[in-house]
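S.K.: Here you go, protein-v1.cif (mmCIF, C-alpha atoms):
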```cif
data_my_file
#
loop_
_atom_site.label_atom_id
_atom_site.label_comp_id
_atom_site.auth_asym_id
_atom_site.auth_seq_id
_atom_site.Cartn_x
_atom_site.Cartn_y
_atom_site.Cartn_z
CA GLN A 11 23.26 31.64 31.72
CA VAL A 12 22.77 32.42 35.39
CA GLN A 13 23.98 29.78 37.80
CA LEU A 14 22.80 29.38 41.37
CA VAL A 15 24.96 27.32 43.71
CA GLU A 16 23.65 26.16 47.07
CA SER A 17 25.86 25.11 49.95
CA GLY A 18 25.70 24.58 53.68
CA GLY A 19 23.60 21.47 53.94
CA GLY A 20 24.53 18.54 56.11
CA LEU A 21 23.57 16.26 58.95
CA VAL A 22 22.51 17.85 62.21
CA GLN A 23 20.74 16.71 65.36
CA ALA A 24 17.27 17.94 66.17
CA GLY A 25 17.45 21.34 67.79
CA GLY A 26 20.58 22.25 65.89
CA SER A 27 21.23 24.91 63.28
CA LEU A 28 22.47 25.19 59.72
CA ARG A 29 22.96 28.12 57.39
CA LEU A 30 22.35 27.54 53.71
CA SER A 31 23.85 29.80 51.07
CA CYS A 32 22.68 30.43 47.52
CA THR A 33 25.28 32.25 45.45
CA ALA A 34 24.51 33.58 41.99
CA SER A 35 27.02 33.81 39.16
CA GLU A 36 25.90 37.37 38.46
CA SER A 37 24.88 40.40 40.51
CA ILE A 38 21.17 39.71 40.25
CA VAL A 39 19.92 38.43 43.59
CA SER A 40 18.53 41.88 44.39
CA THR A 41 16.71 42.20 41.07
CA GLY A 42 14.07 39.54 41.60
CA VAL A 43 12.52 37.18 44.09
CA VAL A 44 14.81 34.55 45.54
CA GLY A 45 13.11 31.64 47.19
CA TRP A 46 14.25 28.64 49.15
CA TYR A 47 12.26 25.49 48.41
CA ARG A 48 12.54 21.99 49.79
CA GLN A 49 11.53 18.57 48.65
CA ALA A 50 11.39 15.51 50.85
CA PRO A 51 11.25 12.00 49.37
CA GLY A 52 7.78 11.23 48.07
CA LYS A 53 6.56 14.77 48.61
CA GLN A 54 6.03 17.79 46.41
CA ARG A 55 8.50 20.63 46.37
CA GLU A 56 7.33 23.38 48.69
CA LEU A 57 8.26 27.00 49.25
CA VAL A 58 10.07 27.54 52.53
CA ALA A 59 10.92 31.24 52.38
CA ARG A 60 11.41 33.99 49.86
CA ILE A 61 12.86 37.47 49.75
CA ALA A 62 11.75 40.05 47.23
CA SER A 63 13.86 42.69 45.54
CA GLY A 64 12.59 45.28 47.97
CA GLY A 65 13.56 43.13 50.93
CA SER A 66 10.17 41.88 52.03
CA THR A 67 10.14 38.30 53.21
CA HIS A 68 7.66 35.47 53.42
CA TYR A 69 7.83 32.18 55.30
CA THR A 70 5.76 29.07 55.24
CA ASP A 71 3.98 28.58 58.55
CA SER A 72 5.99 25.53 59.61
CA VAL A 73 9.28 27.49 59.71
CA LYS A 74 8.12 30.85 61.06
CA GLY A 75 10.18 31.85 64.07
CA ARG A 76 12.86 29.27 63.28
CA PHE A 77 14.18 30.17 59.82
CA THR A 78 15.44 33.52 58.57
CA ILE A 79 16.10 34.46 54.95
CA SER A 80 18.53 37.27 54.21
CA ARG A 81 20.50 38.69 51.33
CA ASP A 82 24.02 40.03 50.84
CA ASN A 83 24.02 41.94 47.57
CA ALA A 84 27.79 42.45 47.59
CA ARG A 85 28.31 38.70 47.72
CA ASN A 86 25.44 37.89 45.31
CA THR A 87 24.22 35.52 48.00
CA VAL A 88 20.97 34.71 49.74
CA TYR A 89 21.10 32.88 53.04
CA LEU A 90 18.67 30.69 54.92
CA GLN A 91 19.48 30.50 58.61
CA MET A 92 17.75 27.48 60.06
CA ASN A 93 17.48 27.15 63.83
CA SER A 94 15.68 24.67 66.07
CA LEU A 95 15.74 22.13 63.29
CA LYS A 96 13.29 19.24 63.39
CA PRO A 97 13.39 15.84 61.72
CA GLU A 98 10.52 16.98 59.48
CA ASP A 99 12.84 19.65 58.04
CA THR A 100 14.82 16.87 56.37
CA ALA A 101 14.77 17.46 52.62
CA ALA A 102 16.76 18.61 49.64
CA TYR A 103 16.78 22.40 49.67
CA TYR A 104 16.83 24.39 46.44
CA CYS A 105 17.10 28.08 45.71
CA ASN A 106 15.18 29.73 42.93
CA LEU A 107 15.42 33.10 41.22
CA TRP A 108 12.34 34.58 39.59
CA ARG A 109 12.30 37.82 37.66
CA LEU A 110 9.41 39.16 35.64
CA GLY A 111 10.06 38.60 31.94
CA TYR A 112 13.18 36.49 32.42
CA PRO A 113 13.85 32.76 32.64
CA GLU A 114 13.49 31.19 36.05
CA TYR A 115 16.61 29.60 37.54
CA TRP A 116 17.14 26.78 40.02
CA GLY A 117 20.18 25.61 41.87
CA GLN A 118 21.25 21.98 42.07
CA GLY A 119 20.12 21.56 45.67
CA THR A 120 21.76 20.80 49.00
CA GLN A 121 20.68 18.03 51.35
CA VAL A 122 19.63 18.74 54.91
CA THR A 123 19.19 15.78 57.23
CA VAL A 124 17.97 16.25 60.79
CA SER A 125 18.32 13.28 63.10
CA SER A 126 16.05 12.75 66.08
#
```
Starting from the file, give its structure as structure tokens.

M.R.:
Amino acid sequence: QVQLVESGGGLVQAGGSLRLSCTASESIVSTGVVGWYRQAPGKQRELVARIASGGSTHYTDSVKGRFTISRDNARNTVYLQMNSLKPEDTAAYYCNLWRLGYPEYWGQGTQVTVSS
């Protein structure tokens, strides 16, 4: 059973930065697509950014130019560097691992709160 553990959330003022980490229990982060999702109270979970096995990345429009997703295969970890944070970025952030033909995995989430 693969486990994904997120960390790095917290409370930050608008304009500040946080770096989220998603660490897998096995050496698999480079074998599929790892995505960062977020869910604010009363809203649907949405994709924030993802990185594919080949290294290509995708960002939702609202975070382009502010967030960067990256991967450290040696550490089995995917990062989400979040800069210029806004109050509307406040949400629980989850990482997800998708691989063709395998179960999909989710982490337990980490809370990000941006104060104005």

S.K.: Using all atoms listed in the file, can you tell me which of A:Ser27, A:Thr67, A:Gly18, A:Val124 comes closest to Asp99 (chain A)?

M.R.: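 For Asp99 (chain A), the nearest of the candidates is A:Val124.
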
S.K.: Which of these, A:Ala84, A:Ala101, A:Val15, A:Val44, has the shortest distance to Glu114 (chain A) once you count all atoms listed in the file?

M.R.: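 Nearest to Glu114 (chain A): A:Val44.
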
S.K.: How many Å separate CA of Met92 (chain A) from CA of Leu107 (chain A)?

M.R.: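 Distance between the two atoms: 19.8 Å.
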
S.K.: For the provided coordinates, the residues matched by the PyMOL selection byres ((chain A and resi 90) around 8) should be stated as a PDB file with C-alpha atoms, in the frame of the given file.

M.R.:
```pdb
ATOM      1  CA  ARG A  29      22.960  28.120  57.390  1.00  0.00           C
ATOM      2  CA  LEU A  30      22.350  27.540  53.710  1.00  0.00           C
ATOM      3  CA  SER A  31      23.850  29.800  51.070  1.00  0.00           C
ATOM      4  CA  TRP A  46      14.250  28.640  49.150  1.00  0.00           C
ATOM      5  CA  PHE A  77      14.180  30.170  59.820  1.00  0.00           C
ATOM      6  CA  THR A  78      15.440  33.520  58.570  1.00  0.00           C
ATOM      7  CA  ILE A  79      16.100  34.460  54.950  1.00  0.00           C
ATOM      8  CA  SER A  80      18.530  37.270  54.210  1.00  0.00           C
ATOM      9  CA  VAL A  88      20.970  34.710  49.740  1.00  0.00           C
ATOM     10  CA  TYR A  89      21.100  32.880  53.040  1.00  0.00           C
ATOM     11  CA  GLN A  91      19.480  30.500  58.610  1.00  0.00           C
ATOM     12  CA  MET A  92      17.750  27.480  60.060  1.00  0.00           C
TER      13      MET A  92
END
```

S.K.: Name the residues captured by the PyMOL selection byres ((chain A and resi 17) around 12) when it is applied to the shown file; answer as a PDB file with C-alpha atoms, keeping the file's coordinate frame.

M.R.:
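The result, stored in out.pdb:
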```
ATOM      1  CA  LEU A  14      22.800  29.380  41.370  1.00  0.00           C
ATOM      2  CA  VAL A  15      24.960  27.320  43.710  1.00  0.00           C
ATOM      3  CA  GLU A  16      23.650  26.160  47.070  1.00  0.00           C
ATOM      4  CA  GLY A  18      25.700  24.580  53.680  1.00  0.00           C
ATOM      5  CA  GLY A  19      23.600  21.470  53.940  1.00  0.00           C
ATOM      6  CA  GLY A  20      24.530  18.540  56.110  1.00  0.00           C
ATOM      7  CA  LEU A  28      22.470  25.190  59.720  1.00  0.00           C
ATOM      8  CA  ARG A  29      22.960  28.120  57.390  1.00  0.00           C
ATOM      9  CA  LEU A  30      22.350  27.540  53.710  1.00  0.00           C
ATOM     10  CA  SER A  31      23.850  29.800  51.070  1.00  0.00           C
ATOM     11  CA  CYS A  32      22.680  30.430  47.520  1.00  0.00           C
ATOM     12  CA  THR A  33      25.280  32.250  45.450  1.00  0.00           C
ATOM     13  CA  ALA A  34      24.510  33.580  41.990  1.00  0.00           C
ATOM     14  CA  THR A  87      24.220  35.520  48.000  1.00  0.00           C
ATOM     15  CA  VAL A  88      20.970  34.710  49.740  1.00  0.00           C
ATOM     16  CA  TYR A  89      21.100  32.880  53.040  1.00  0.00           C
ATOM     17  CA  LEU A  90      18.670  30.690  54.920  1.00  0.00           C
ATOM     18  CA  ALA A 102      16.760  18.610  49.640  1.00  0.00           C
ATOM     19  CA  TYR A 103      16.780  22.400  49.670  1.00  0.00           C
ATOM     20  CA  TYR A 104      16.830  24.390  46.440  1.00  0.00           C
ATOM     21  CA  CYS A 105      17.100  28.080  45.710  1.00  0.00           C
ATOM     22  CA  GLY A 117      20.180  25.610  41.870  1.00  0.00           C
ATOM     23  CA  GLN A 118      21.250  21.980  42.070  1.00  0.00           C
ATOM     24  CA  GLY A 119      20.120  21.560  45.670  1.00  0.00           C
ATOM     25  CA  THR A 120      21.760  20.800  49.000  1.00  0.00           C
ATOM     26  CA  GLN A 121      20.680  18.030  51.350  1.00  0.00           C
ATOM     27  CA  VAL A 122      19.630  18.740  54.910  1.00  0.00           C
TER      28      VAL A 122
END
```

S.K.: Find the spatial neighbours of Pro97 (chain A), counting only C-alpha atoms, within a cut-off of 12 Å - ignore same-chain residues fewer than 6 positions away - and output them as a ChimeraX atom specification.

M.R.: /A:21-26,50,122-126
